[in-house]
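Participant: Sharing a structure here in structure tokens format.
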Amino acid sequence: MQLLFYILIFFLLSALPDYAELVYLWQLKEYRLDRFRDFLSSVLGRKFLLSYKIIFRPLVFLLLIFSLRTVSVLFIIFSLDILNSAYKLARRRLPRPKFTAKAISLIIFSVIIETVIFSSNLPFFWLLAASRFLILALAVLAVNLPTKLLKKFYLRRAAIKLAGYKNLLVIGVTGSYGKTTVKNFLAQMLSAKFKVVAPPKNINTELGIAKFILKTDFFGADIFVVEMAAYKIWEIKLICNMVRPKIGILTAINEQHLPLFGSIENTQTAKYELLRALPADGLAVINSDNQYCREFTIELKCQVKTFGQSVEVKPDYLISQVRASLNGLEFSAAPDYEIKTKIIGAHNAMNVAPTIIISEYLGLTKADIIKQALKLRLPEATMQLTDYGSSVIIDDSYNSNPEAFKAALKYLADSKTAGKKIVISRGMIELGEASRAAHEEIGKLIAEVADELVIISPDSTAEFRAGAGDSKLKIQTIFEPISLLEYVKKNKNRPNLILLEGRLPEIIKKEIK
């Protein structure tokens, strides 16, 4: 009995950190097989497949079973697991998932499966438990089946609830990038006249939106602004069937999530699901600079308004004379607006533009719009300036795509500093075949405007270096979070300007805050 107790303790200390780390990875990919498969095809994914828990643990397990064939195999394996987790914890490389009901269920389910396997007392059967990655993957598949049914239940209930608010105007926002920023700007702009409800942060999937609707009191609300994301055709259509938008914004279409969509045409089809769902008396607001956005506007049954900086395509609202500085952004929006804001980044003129169109359409005066523009604030970790000791950090770590990266580099180039200009980035994810060219282009731009580039993920290292070529740009790779933290701290008392582009380890986020 005492032996069983010790085995149980060792097992739990071994299993819980492992399954928590694996759940964290699945959470990042929203428990989607397509996104996880794309991750495994990346450099970082291949490195994960060659890690201790995926390759070496099963091999050690197999070797020990053939040589010992006793319960001591479990003690040795569990001890190695504990040492591996302890090392990661010491190096701050042991990620933790958000402990949602689904995450906890997956961990418990996986532990139960492994316990049943070991309880069989058949050493060769134990080999099935050697791969916790396989066990958790099976658990995800098993849990996803009832989750799909539960999702349908949530979507139906949310649709019924929202339909009860007859006077609630729903505005949908979609696009390959800029969705969250435009959603936030629109909610801030319209609040001058209306009571506006919008999901926080990046709640933009059908299930996330449905849950938000079910827990939100819309009593007295005039407008519901919904950000809509997708990785496949029909996913935005599901959201539209639930929320019934009357106004839709299409920010832009590019190669983002290309491996999941399969082609840029599929991306275009998916994003257009919002515009095609709008009623005849609705309004579609479209970025006319982007050819994929404007291509099918003639087919829409609703009114269409366009915005853009290209005179050749004749947008309804021409954005010009864009002036960006450290203190804010100013631009003209023809026919009759001179806009001043306190946000940074020249690219944000194109994020403010659709909010001007919709605000005017819904009855805000020119004075209201100009006044609200001065109150606009960017979402968290989106071109946020932060004083960090003697350094200044440009925190653009919310997400990263080619256009946003270029815009951030333009801001970096225009800014002055007594010290160095440093870029810290993991690169851009889910660009598929466009990834190499995109990273090489960004690498070339970084070499033109920065003194140092710190690459924090192996996925984009070769492409960044190829783009930088023989320039004087100092490039280094820091893949260990604790080493990256040490590097960031070294710059705290130096007058440097540091651009953080793309997702960062949690310890870096905590440090700069």
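FYI, nothing fancy with the structure tokens labels: chains A, B, ... in order, residues from 1 per chain, ligands from 1 as they appear.
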Write out as number ranges by chain the residues lying within 10 Å of stretch 1-7 of chain A, counting only C-alpha atoms and excluding same-chain residues fewer than 3 positions away.

Facilitator: A: 10-13, 71-72, 74-75, 78

Participant: Quick one: everything within 10 Å of stretch 198-209 of chain A, counting only C-alpha atoms, minus sequence neighbours fewer than 6 positions away in the same chain. Send it as JSON, numbers by chain.

Facilitator: {"A": [30, 147, 148, 150, 151, 152, 153, 154, 155, 158, 170, 171, 173, 174, 179, 180, 181, 183, 184, 186, 187, 188, 216, 223, 224, 225, 226, 227, 228, 229, 230, 231, 235, 236, 237, 238, 239, 240, 242, 243, 379, 380, 398]}

Participant: Would you write out those residues with N, CA and C atoms, as a tab-separated table (two decimals), in the first residue's frame?

Facilitator:
```
chain	number	residue	atom	x	y	z
A	30	GLU	N	-6.41	26.95	-30.13
A	30	GLU	CA	-7.87	26.90	-29.95
A	30	GLU	C	-8.41	25.47	-30.07
A	147	THR	N	-18.13	18.89	-27.51
A	147	THR	CA	-17.97	20.34	-27.60
A	147	THR	C	-18.70	20.89	-28.81
A	148	LYS	N	-18.66	20.15	-29.93
A	148	LYS	CA	-19.37	20.59	-31.13
A	148	LYS	C	-20.88	20.67	-30.89
A	150	LEU	N	-22.25	21.03	-27.93
A	150	LEU	CA	-22.44	22.12	-26.97
A	150	LEU	C	-22.37	23.47	-27.67
A	151	LYS	N	-21.46	23.58	-28.67
A	151	LYS	CA	-21.34	24.82	-29.43
A	151	LYS	C	-22.65	25.16	-30.14
A	152	LYS	N	-23.25	24.16	-30.77
A	152	LYS	CA	-24.52	24.38	-31.45
A	152	LYS	C	-25.59	24.86	-30.47
A	153	PHE	N	-25.57	24.28	-29.27
A	153	PHE	CA	-26.52	24.67	-28.23
A	153	PHE	C	-26.31	26.13	-27.83
A	154	TYR	N	-25.05	26.50	-27.61
A	154	TYR	CA	-24.72	27.88	-27.24
A	154	TYR	C	-25.13	28.86	-28.34
A	155	LEU	N	-24.80	28.50	-29.60
A	155	LEU	CA	-25.11	29.39	-30.71
A	155	LEU	C	-26.61	29.59	-30.86
A	158	ALA	N	-27.82	31.80	-27.95
A	158	ALA	CA	-27.36	33.18	-28.13
A	158	ALA	C	-28.17	33.88	-29.22
A	170	VAL	N	-26.58	45.58	-34.86
A	170	VAL	CA	-25.35	44.78	-34.80
A	170	VAL	C	-24.42	45.18	-35.94
A	171	ILE	N	-23.17	45.47	-35.59
A	171	ILE	CA	-22.13	45.82	-36.55
A	171	ILE	C	-21.04	44.76	-36.50
A	173	VAL	N	-17.28	43.25	-37.75
A	173	VAL	CA	-15.97	43.69	-38.23
A	173	VAL	C	-15.14	42.45	-38.55
A	174	THR	N	-14.64	42.35	-39.77
A	174	THR	CA	-13.78	41.23	-40.12
A	174	THR	C	-12.65	41.71	-41.02
A	179	LYS	N	-8.86	43.97	-37.09
A	179	LYS	CA	-10.24	43.78	-36.59
A	179	LYS	C	-10.41	44.33	-35.18
A	180	THR	N	-9.52	43.93	-34.28
A	180	THR	CA	-9.66	44.33	-32.86
A	180	THR	C	-9.53	45.84	-32.71
A	181	THR	N	-8.58	46.42	-33.42
A	181	THR	CA	-8.38	47.87	-33.34
A	181	THR	C	-9.61	48.62	-33.85
A	183	LYS	N	-12.69	47.49	-34.10
A	183	LYS	CA	-13.80	47.25	-33.16
A	183	LYS	C	-13.71	48.22	-31.98
A	184	ASN	N	-12.53	48.35	-31.41
A	184	ASN	CA	-12.36	49.25	-30.26
A	184	ASN	C	-12.59	50.70	-30.63
A	186	LEU	N	-14.37	51.88	-33.07
A	186	LEU	CA	-15.79	52.09	-33.39
A	186	LEU	C	-16.62	52.22	-32.12
A	187	ALA	N	-16.36	51.33	-31.15
A	187	ALA	CA	-17.10	51.40	-29.89
A	187	ALA	C	-16.84	52.72	-29.17
A	188	GLN	N	-15.60	53.20	-29.20
A	188	GLN	CA	-15.26	54.46	-28.56
A	188	GLN	C	-15.90	55.64	-29.29
A	216	THR	N	-24.12	38.52	-21.11
A	216	THR	CA	-24.17	39.98	-21.16
A	216	THR	C	-25.61	40.49	-21.11
A	223	ILE	N	-26.20	49.48	-29.65
A	223	ILE	CA	-25.34	48.91	-30.68
A	223	ILE	C	-24.48	47.79	-30.10
A	224	PHE	N	-24.33	46.72	-30.86
A	224	PHE	CA	-23.47	45.60	-30.50
A	224	PHE	C	-22.42	45.46	-31.61
A	225	VAL	N	-21.15	45.72	-31.27
A	225	VAL	CA	-20.05	45.62	-32.24
A	225	VAL	C	-19.36	44.28	-32.07
A	226	VAL	N	-19.33	43.50	-33.15
A	226	VAL	CA	-18.82	42.12	-33.08
A	226	VAL	C	-17.63	41.94	-34.00
A	227	GLU	N	-16.52	41.55	-33.42
A	227	GLU	CA	-15.34	41.18	-34.22
A	227	GLU	C	-15.50	39.72	-34.65
A	228	MET	N	-15.27	39.44	-35.94
A	228	MET	CA	-15.49	38.10	-36.48
A	228	MET	C	-14.21	37.54	-37.10
A	229	ALA	N	-13.71	36.45	-36.53
A	229	ALA	CA	-12.50	35.79	-37.04
A	229	ALA	C	-12.88	34.46	-37.67
A	230	ALA	N	-12.01	33.95	-38.53
A	230	ALA	CA	-12.26	32.66	-39.17
A	230	ALA	C	-10.95	32.06	-39.63
A	231	TYR	N	-10.94	30.74	-39.73
A	231	TYR	CA	-9.81	30.01	-40.31
A	231	TYR	C	-10.28	29.13	-41.46
A	235	GLU	N	-17.24	29.78	-41.30
A	235	GLU	CA	-17.17	30.13	-39.87
A	235	GLU	C	-17.74	31.52	-39.60
A	236	ILE	N	-17.48	32.48	-40.46
A	236	ILE	CA	-18.08	33.81	-40.28
A	236	ILE	C	-19.57	33.76	-40.56
A	237	LYS	N	-19.97	32.92	-41.48
A	237	LYS	CA	-21.40	32.76	-41.78
A	237	LYS	C	-22.15	32.27	-40.53
A	238	LEU	N	-21.52	31.37	-39.76
A	238	LEU	CA	-22.13	30.89	-38.52
A	238	LEU	C	-22.36	32.03	-37.54
A	239	ILE	N	-21.36	32.91	-37.45
A	239	ILE	CA	-21.49	34.06	-36.55
A	239	ILE	C	-22.61	34.98	-37.03
A	240	CYS	N	-22.64	35.21	-38.33
A	240	CYS	CA	-23.67	36.10	-38.90
A	240	CYS	C	-25.08	35.54	-38.69
A	242	MET	N	-26.00	33.92	-36.25
A	242	MET	CA	-26.31	34.08	-34.82
A	242	MET	C	-26.63	35.55	-34.48
A	243	VAL	N	-25.84	36.50	-35.00
A	243	VAL	CA	-25.97	37.89	-34.54
A	243	VAL	C	-26.75	38.77	-35.51
A	379	PRO	N	-5.92	49.33	-28.52
A	379	PRO	CA	-6.03	48.17	-27.64
A	379	PRO	C	-4.70	47.86	-26.96
A	380	GLU	N	-4.76	47.12	-25.90
A	380	GLU	CA	-3.56	46.74	-25.15
A	380	GLU	C	-2.58	46.01	-26.06
A	398	TYR	N	0.63	42.30	-29.43
A	398	TYR	CA	-0.69	41.64	-29.47
A	398	TYR	C	-0.75	40.60	-30.58
```

Participant: Which neighbours of A:Leu412 fall inside 12 Å, counting only C-alpha atoms, when residues of the same chain fewer than 4 positions from it are skipped, and could you give them as a PyMOL selection string?

Facilitator: chain A and resi 324-326+344-346+383+385+392-396+405-408+416-417+420-423+445-451+496-501

Participant: Could you please take those selected residues and save C-alpha atoms as a PDB file, in the first residue's frame?

Facilitator:
```pdb
ATOM      1  CA  ALA A 324       2.237  60.621 -37.659  1.00  0.00           C
ATOM      2  CA  SER A 325       4.450  61.656 -34.758  1.00  0.00           C
ATOM      3  CA  LEU A 326       5.426  60.504 -31.286  1.00  0.00           C
ATOM      4  CA  ILE A 344       0.458  56.561 -32.862  1.00  0.00           C
ATOM      5  CA  GLY A 345       1.234  54.852 -36.145  1.00  0.00           C
ATOM      6  CA  ALA A 346       0.434  56.169 -39.632  1.00  0.00           C
ATOM      7  CA  MET A 383       1.563  50.190 -30.647  1.00  0.00           C
ATOM      8  CA  LEU A 385       4.478  53.388 -25.791  1.00  0.00           C
ATOM      9  CA  VAL A 392      11.163  53.469 -24.420  1.00  0.00           C
ATOM     10  CA  ILE A 393       9.284  50.353 -25.512  1.00  0.00           C
ATOM     11  CA  ILE A 394       6.913  50.199 -28.472  1.00  0.00           C
ATOM     12  CA  ASP A 395       4.687  47.331 -27.410  1.00  0.00           C
ATOM     13  CA  ASP A 396       3.122  45.820 -30.526  1.00  0.00           C
ATOM     14  CA  PHE A 405       5.103  44.901 -38.859  1.00  0.00           C
ATOM     15  CA  LYS A 406       5.878  47.371 -41.668  1.00  0.00           C
ATOM     16  CA  ALA A 407       3.825  50.077 -39.952  1.00  0.00           C
ATOM     17  CA  ALA A 408       5.662  49.535 -36.671  1.00  0.00           C
ATOM     18  CA  LYS A 416      14.560  59.602 -32.645  1.00  0.00           C
ATOM     19  CA  THR A 417      16.572  58.123 -29.800  1.00  0.00           C
ATOM     20  CA  LYS A 420      19.997  52.080 -30.234  1.00  0.00           C
ATOM     21  CA  LYS A 421      16.906  51.021 -32.114  1.00  0.00           C
ATOM     22  CA  ILE A 422      16.169  47.397 -31.276  1.00  0.00           C
ATOM     23  CA  VAL A 423      13.571  45.001 -32.688  1.00  0.00           C
ATOM     24  CA  LEU A 445      13.351  46.749 -43.666  1.00  0.00           C
ATOM     25  CA  ILE A 446      14.667  46.032 -40.157  1.00  0.00           C
ATOM     26  CA  ALA A 447      18.224  46.298 -41.469  1.00  0.00           C
ATOM     27  CA  GLU A 448      17.395  49.732 -42.874  1.00  0.00           C
ATOM     28  CA  VAL A 449      15.917  51.216 -39.675  1.00  0.00           C
ATOM     29  CA  ALA A 450      17.297  49.302 -36.659  1.00  0.00           C
ATOM     30  CA  ASP A 451      20.646  48.633 -35.019  1.00  0.00           C
ATOM     31  CA  ASN A 496      17.206  52.740 -26.400  1.00  0.00           C
ATOM     32  CA  LEU A 497      14.011  52.463 -28.421  1.00  0.00           C
ATOM     33  CA  ILE A 498      12.758  48.865 -28.392  1.00  0.00           C
ATOM     34  CA  LEU A 499      10.039  47.487 -30.677  1.00  0.00           C
ATOM     35  CA  LEU A 500       8.328  44.344 -29.382  1.00  0.00           C
ATOM     36  CA  GLU A 501       6.614  42.763 -32.384  1.00  0.00           C
TER      37      GLU A 501
END
```

Participant: Pick out each residue of stretch 149-296 of chain A that DSSP on the backbone tags as alpha helix (DSSP H); I need them as a PyMOL selection string.

Facilitator: chain A and resi 149-163+179-190+206-215+235-243+258-261+264-276+291-294

Participant: Restricting the calculation to only C-alpha atoms, which member of A:Arg35, A:Lys492, A:Arg92, A:Lys510 is positioned closest to A:Leu258?

Facilitator: A:Arg35

Participant: Find the spatial neighbours of A:Lys513, counting only C-alpha atoms, within a cut-off of 9 Å - ignore same-chain residues fewer than 4 positions away - and output them as a PyMOL selection string.

Facilitator: chain A and resi 386+388+508-509

Participant: Would you mind exporting N, CA and C atoms of the selected residues as an mmCIF file, in the first residue's frame?

Facilitator:
```cif
data_model
loop_
_atom_site.group_PDB
_atom_site.id
_atom_site.type_symbol
_atom_site.label_atom_id
_atom_site.label_comp_id
_atom_site.auth_asym_id
_atom_site.auth_seq_id
_atom_site.Cartn_x
_atom_site.Cartn_y
_atom_site.Cartn_z
ATOM 1 N N THR A 386 5.673 52.625 -23.823
ATOM 2 C CA THR A 386 5.874 52.379 -22.396
ATOM 3 C C THR A 386 7.274 52.813 -22.001
ATOM 4 N N TYR A 388 10.419 52.406 -19.956
ATOM 5 C CA TYR A 388 11.042 51.270 -19.282
ATOM 6 C C TYR A 388 12.438 51.703 -18.854
ATOM 7 N N ILE A 508 8.248 38.395 -19.950
ATOM 8 C CA ILE A 508 8.620 39.669 -20.570
ATOM 9 C C ILE A 508 7.476 40.666 -20.425
ATOM 10 N N LYS A 509 6.240 40.188 -20.615
ATOM 11 C CA LYS A 509 5.075 41.061 -20.440
ATOM 12 C C LYS A 509 5.027 41.620 -19.019
#
```

Participant: For atom CA of A:Glu360 and atom CA of A:Arg377, determine how far apart the two atoms are, in Å to one decimal place.

Facilitator: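 Distance between the two atoms: 19.7 Å.
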
Participant: Using only C-alpha atoms, pick whichever of A:Asp470, A:Glu403, A:Glu299, A:Glu430 has the shortest atom-to-atom distance to A:Asp38.

Facilitator: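 Looking only at the distances to A:Asp38, the closest residue turns out to be A:Glu430.
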
Participant: Which of these residues is nearest to A:Leu16, using only C-alpha atoms: A:Leu94, A:Phe39, A:Leu63, A:Arg57?

Facilitator: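 Nearest to A:Leu16: A:Leu94.
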
Participant: Which residues come within 12 Å of A:Pro97, counting only C-alpha atoms, excluding same-chain residues fewer than 2 positions away, as a PyMOL selection string?

Facilitator: chain A and resi 16-30+94-95+99-104+106-107+506

Participant: Print the selection's residues with N, CA and C atoms to a file, as a tab-separated table (two decimals), in the first residue's frame.

Facilitator:
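What ended up in selection.tsv:
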```tsv
chain	number	residue	atom	x	y	z
A	16	LEU	N	1.01	15.87	-14.13
A	16	LEU	CA	0.28	17.14	-14.15
A	16	LEU	C	1.02	18.26	-14.89
A	17	PRO	N	2.33	18.48	-14.63
A	17	PRO	CA	3.03	19.53	-15.41
A	17	PRO	C	3.08	19.21	-16.90
A	18	ASP	N	3.27	17.92	-17.24
A	18	ASP	CA	3.34	17.54	-18.65
A	18	ASP	C	2.03	17.81	-19.37
A	19	TYR	N	0.93	17.37	-18.78
A	19	TYR	CA	-0.37	17.56	-19.43
A	19	TYR	C	-0.77	19.03	-19.46
A	20	ALA	N	-0.38	19.77	-18.41
A	20	ALA	CA	-0.67	21.21	-18.40
A	20	ALA	C	0.05	21.91	-19.54
A	21	GLU	N	1.31	21.53	-19.78
A	21	GLU	CA	2.08	22.13	-20.87
A	21	GLU	C	1.48	21.79	-22.23
A	22	LEU	N	1.06	20.53	-22.40
A	22	LEU	CA	0.46	20.11	-23.66
A	22	LEU	C	-0.89	20.81	-23.89
A	23	VAL	N	-1.66	20.97	-22.83
A	23	VAL	CA	-2.93	21.69	-22.95
A	23	VAL	C	-2.69	23.14	-23.34
A	24	TYR	N	-1.63	23.73	-22.79
A	24	TYR	CA	-1.26	25.10	-23.14
A	24	TYR	C	-1.05	25.24	-24.66
A	25	LEU	N	-0.33	24.27	-25.24
A	25	LEU	CA	-0.09	24.31	-26.68
A	25	LEU	C	-1.39	24.19	-27.47
A	26	TRP	N	-2.26	23.28	-27.02
A	26	TRP	CA	-3.54	23.12	-27.71
A	26	TRP	C	-4.41	24.37	-27.55
A	27	GLN	N	-4.33	25.00	-26.38
A	27	GLN	CA	-5.09	26.23	-26.16
A	27	GLN	C	-4.67	27.33	-27.13
A	28	LEU	N	-3.35	27.46	-27.34
A	28	LEU	CA	-2.85	28.47	-28.27
A	28	LEU	C	-3.45	28.30	-29.65
A	29	LYS	N	-3.73	27.06	-30.00
A	29	LYS	CA	-4.29	26.75	-31.32
A	29	LYS	C	-5.79	26.50	-31.24
A	30	GLU	N	-6.41	26.95	-30.13
A	30	GLU	CA	-7.87	26.90	-29.95
A	30	GLU	C	-8.41	25.47	-30.07
A	94	LEU	N	8.29	26.59	-18.38
A	94	LEU	CA	7.17	25.67	-18.15
A	94	LEU	C	5.87	26.46	-18.24
A	95	PRO	N	5.25	26.46	-19.41
A	95	PRO	CA	4.03	27.27	-19.59
A	95	PRO	C	2.84	26.68	-18.87
A	99	PHE	N	-6.75	27.89	-16.91
A	99	PHE	CA	-7.45	26.73	-16.34
A	99	PHE	C	-8.96	26.88	-16.49
A	100	THR	N	-9.40	26.76	-17.73
A	100	THR	CA	-10.82	26.76	-18.04
A	100	THR	C	-11.40	25.38	-17.75
A	101	ALA	N	-12.72	25.27	-17.83
A	101	ALA	CA	-13.37	23.97	-17.59
A	101	ALA	C	-12.86	22.94	-18.59
A	102	LYS	N	-12.67	23.35	-19.85
A	102	LYS	CA	-12.21	22.42	-20.86
A	102	LYS	C	-10.78	21.98	-20.59
A	103	ALA	N	-9.92	22.92	-20.21
A	103	ALA	CA	-8.53	22.59	-19.93
A	103	ALA	C	-8.42	21.63	-18.76
A	104	ILE	N	-9.15	21.91	-17.69
A	104	ILE	CA	-9.12	21.04	-16.51
A	104	ILE	C	-9.67	19.66	-16.85
A	106	LEU	N	-9.60	18.14	-19.74
A	106	LEU	CA	-8.62	17.43	-20.56
A	106	LEU	C	-7.49	16.86	-19.70
A	107	ILE	N	-7.02	17.65	-18.74
A	107	ILE	CA	-5.94	17.18	-17.87
A	107	ILE	C	-6.42	16.00	-17.03
A	506	GLU	N	5.41	35.29	-21.18
A	506	GLU	CA	4.70	36.00	-20.11
A	506	GLU	C	5.65	36.79	-19.21
```

Participant: Identify, on the basis of only C-alpha atoms, every residue whose closest approach to A:Asp368 does not exceed 10 Å; exclude the query and any residue fewer than 4 positions from it along the same chain; express the result as a list in words.

Facilitator: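 Selected residues are Met189, Leu190, Ala192, Lys193, Ser359, Glu360, Gly363, Leu364, Gln372 and Ala373 of chain A.
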
Participant: Which residues come within 8 Å of A:Pro58, counting only C-alpha atoms, excluding same-chain residues fewer than 5 positions away, as a VMD selection string?

Facilitator: chain A and resid 53 127 130 to 131

Participant: Taking N, CA and C atoms for each residue, export the selection above as a compact mmCIF listing (two decimals), in the first residue's frame.

Facilitator:
```
# COMPACT_ATOMS: atom_id res chain seq x y z
N LYS A 53 9.73 14.80 -24.18
CA LYS A 53 8.45 14.12 -23.92
C LYS A 53 7.86 13.45 -25.15
N LEU A 127 3.54 0.90 -22.66
CA LEU A 127 4.14 1.66 -23.74
C LEU A 127 3.15 2.68 -24.32
N ALA A 130 3.57 5.87 -22.72
CA ALA A 130 4.87 6.52 -22.90
C ALA A 130 4.72 7.85 -23.65
N SER A 131 3.69 7.97 -24.48
CA SER A 131 3.47 9.19 -25.24
C SER A 131 2.26 9.94 -24.67
```
